[in-house]
file upload31.pdb (PDB, C-alpha atoms and all ligand atoms)
MODEL        1
ATOM      1  CA  MET M   1     238.113-124.379  68.154
ATOM      2  CA  GLU M   2     234.434-123.734  67.939
ATOM      3  CA  GLY M   3     233.658-120.142  68.623
ATOM      4  CA  HIS M   4     230.091-119.141  68.182
ATOM      5  CA  SER M   5     228.844-115.807  69.287
ATOM      6  CA  GLU M   6     229.872-116.193  72.868
ATOM      7  CA  LYS M   7     229.374-113.236  75.086
ATOM      8  CA  SER M   8     232.055-112.307  77.501
ATOM      9  CA  PRO M   9     231.280-112.426  81.235
ATOM     10  CA  MET M  10     231.552-108.651  81.206
ATOM     11  CA  GLU M  11     228.814-108.261  78.641
ATOM     12  CA  LEU M  12     226.570-110.745  80.351
ATOM     13  CA  LEU M  13     226.924-109.070  83.700
ATOM     14  CA  LYS M  14     226.375-105.626  82.278
ATOM     15  CA  HIS M  15     223.262-106.925  80.591
ATOM     16  CA  HIS M  16     222.123-108.344  83.911
ATOM     17  CA  TYR M  17     222.556-105.004  85.621
ATOM     18  CA  ASP M  18     220.884-103.206  82.769
ATOM     19  CA  GLU M  19     217.894-105.508  83.107
ATOM     20  CA  THR M  20     217.505-105.817  86.834
ATOM     21  CA  GLU M  21     219.286-103.095  88.728
ATOM     22  CA  LEU M  22     218.034 -99.857  87.357
ATOM     23  CA  VAL M  23     215.663 -99.115  90.204
ATOM     24  CA  CYS M  24     217.208 -96.750  92.700
ATOM     25  CA  PRO M  25     217.164 -98.188  96.240
ATOM     26  CA  ASP M  26     217.192 -94.694  97.693
ATOM     27  CA  CYS M  27     214.315 -92.996  95.925
ATOM     28  CA  GLY M  28     212.714 -95.830  93.952
ATOM     29  CA  TYR M  29     213.202 -94.130  90.611
ATOM     30  CA  GLU M  30     213.364 -96.564  87.718
ATOM     31  CA  ASP M  31     215.888 -95.436  85.149
ATOM     32  CA  GLU M  32     214.353 -97.262  82.210
ATOM     33  CA  ASP M  33     216.541 -95.635  79.605
ATOM     34  CA  GLY M  34     219.658 -95.756  81.713
ATOM     35  CA  SER M  35     222.424 -98.272  81.762
ATOM     36  CA  TRP M  36     225.407 -99.199  83.825
ATOM     37  CA  SER M  37     228.730 -97.960  82.628
ATOM     38  CA  SER M  38     231.609-100.363  82.907
ATOM     39  CA  GLU M  39     235.334-100.123  82.725
ATOM     40  CA  THR M  40     238.040-102.645  83.334
ATOM     41  CA  ASP M  41     241.755-102.669  83.909
ATOM     42  CA  GLY M  42     242.017-106.352  83.042
ATOM     43  CA  ARG M  43     241.823-107.540  86.644
ATOM     44  CA  GLU M  44     238.644-105.958  87.812
ATOM     45  CA  ILE M  45     235.505-104.680  86.212
ATOM     46  CA  HIS M  46     234.000-101.613  87.713
ATOM     47  CA  TYR M  47     230.328-100.892  87.122
ATOM     48  CA  GLU M  48     228.673 -97.624  87.937
ATOM     49  CA  HIS M  49     225.186 -96.212  87.763
ATOM     50  CA  GLU M  50     224.036 -92.808  88.861
ATOM     51  CA  CYS M  51     220.389 -92.230  89.647
ATOM     52  CA  PRO M  52     219.145 -89.377  87.437
ATOM     53  CA  SER M  53     216.513 -88.520  90.018
ATOM     54  CA  CYS M  54     218.430 -88.228  93.292
ATOM     55  CA  GLY M  55     222.013 -88.616  92.138
ATOM     56  CA  ALA M  56     222.748 -91.693  94.237
ATOM     57  CA  LEU M  57     225.738 -93.524  92.872
ATOM     58  CA  ARG M  58     225.807 -97.291  92.918
ATOM     59  CA  GLU M  59     228.863 -99.337  92.136
ATOM     60  CA  HIS M  60     229.778-102.946  91.625
ATOM     61  CA  THR M  61     233.306-104.214  91.372
ATOM     62  CA  LEU M  62     233.980-107.659  90.004
ATOM     63  CA  THR M  63     237.336-109.357  90.220
ATOM     64  CA  LEU M  64     238.136-111.313  87.112
ATOM     65  CA  ASN M  65     240.627-113.896  88.262
ATOM     66  CA  GLY M  66     238.083-115.885  90.322
ATOM     67  CA  GLU M  67     240.525-116.853  93.067
TER      68      GLU M  67
HETATM   69 ZN    ZN H 101     217.478 -92.196  93.311
ENDMDL
END
call {"tool": "encode", "arguments": {"input": "upload31.pdb", "output": "structure tokens"}}
result
Amino acid sequence: MEGHSEKSPMELLKHHYDETELVCPDCGYEDEDGSWSSETDGREIHYEHECPSCGALREHTLTLNGE
């Protein structure tokens, strides 16, 4: 098997959120140094980001078994 440095879907998605979804929709604060935290139980990935300005919590949940 050829296995280069493939990134897992989890990492790619977290990177996506880190790049594009750090502006708070409530107050417009851009958390440039922030990042989404992620945790998984093997079936779902749960992403979370809390706005440091107004405290708004945003969440994404991704189901892994694509069905
Ligand atoms: Zn905010």
call {"tool": "residues_near_point", "arguments": {"input": "upload31.pdb", "point": "(214.4, -94.5, 92.8)", "cutoff": "9 Å", "atoms": "only C-alpha atoms", "output": "list of chain:residue names"}}
result
M:Leu22, M:Val23, M:Cys24, M:Pro25, M:Asp26, M:Cys27, M:Gly28, M:Tyr29, M:Glu30, M:Asp31, M:Cys51, M:Pro52, M:Ser53, M:Cys54, M:Ala56
call {"tool": "residues_around", "arguments": {"input": "upload31.pdb", "residues": "M:Gly42", "least_positions_apart": "4", "cutoff": "10 Å", "atoms": "all atoms listed in the file", "output": "MDAnalysis selection string"}}
result
chainID M and resid 63:65
call {"tool": "residues_around", "arguments": {"input": "upload31.pdb", "residues": "M:Met10", "least_positions_apart": "5", "cutoff": "9 Å", "atoms": "only C-alpha atoms", "output": "compact mmCIF listing (two decimals) with C-alpha atoms, keeping the file's coordinate frame"}}
result
# COMPACT_ATOMS: atom_id res chain seq x y z
CA HIS M 15 223.26 -106.92 80.59
CA SER M 38 231.61 -100.36 82.91
CA ILE M 45 235.50 -104.68 86.21
call {"tool": "atom_distance", "arguments": {"input": "upload31.pdb", "atom1": "atom CA of M:Leu62", "atom2": "atom CA of M:Ser5"}}
result
22.8 Å
call {"tool": "atom_distance", "arguments": {"input": "upload31.pdb", "atom1": "atom ZN of ligand ZN 101 (chain H)", "atom2": "atom CA of M:Leu12"}}
result
24.4 Å
call {"tool": "closest_residue", "arguments": {"input": "upload31.pdb", "among": "M:Glu48, M:Asp41, M:Lys7, M:Thr61", "to": "M:Glu21", "atoms": "all atoms listed in the file"}}
result
M:Glu48
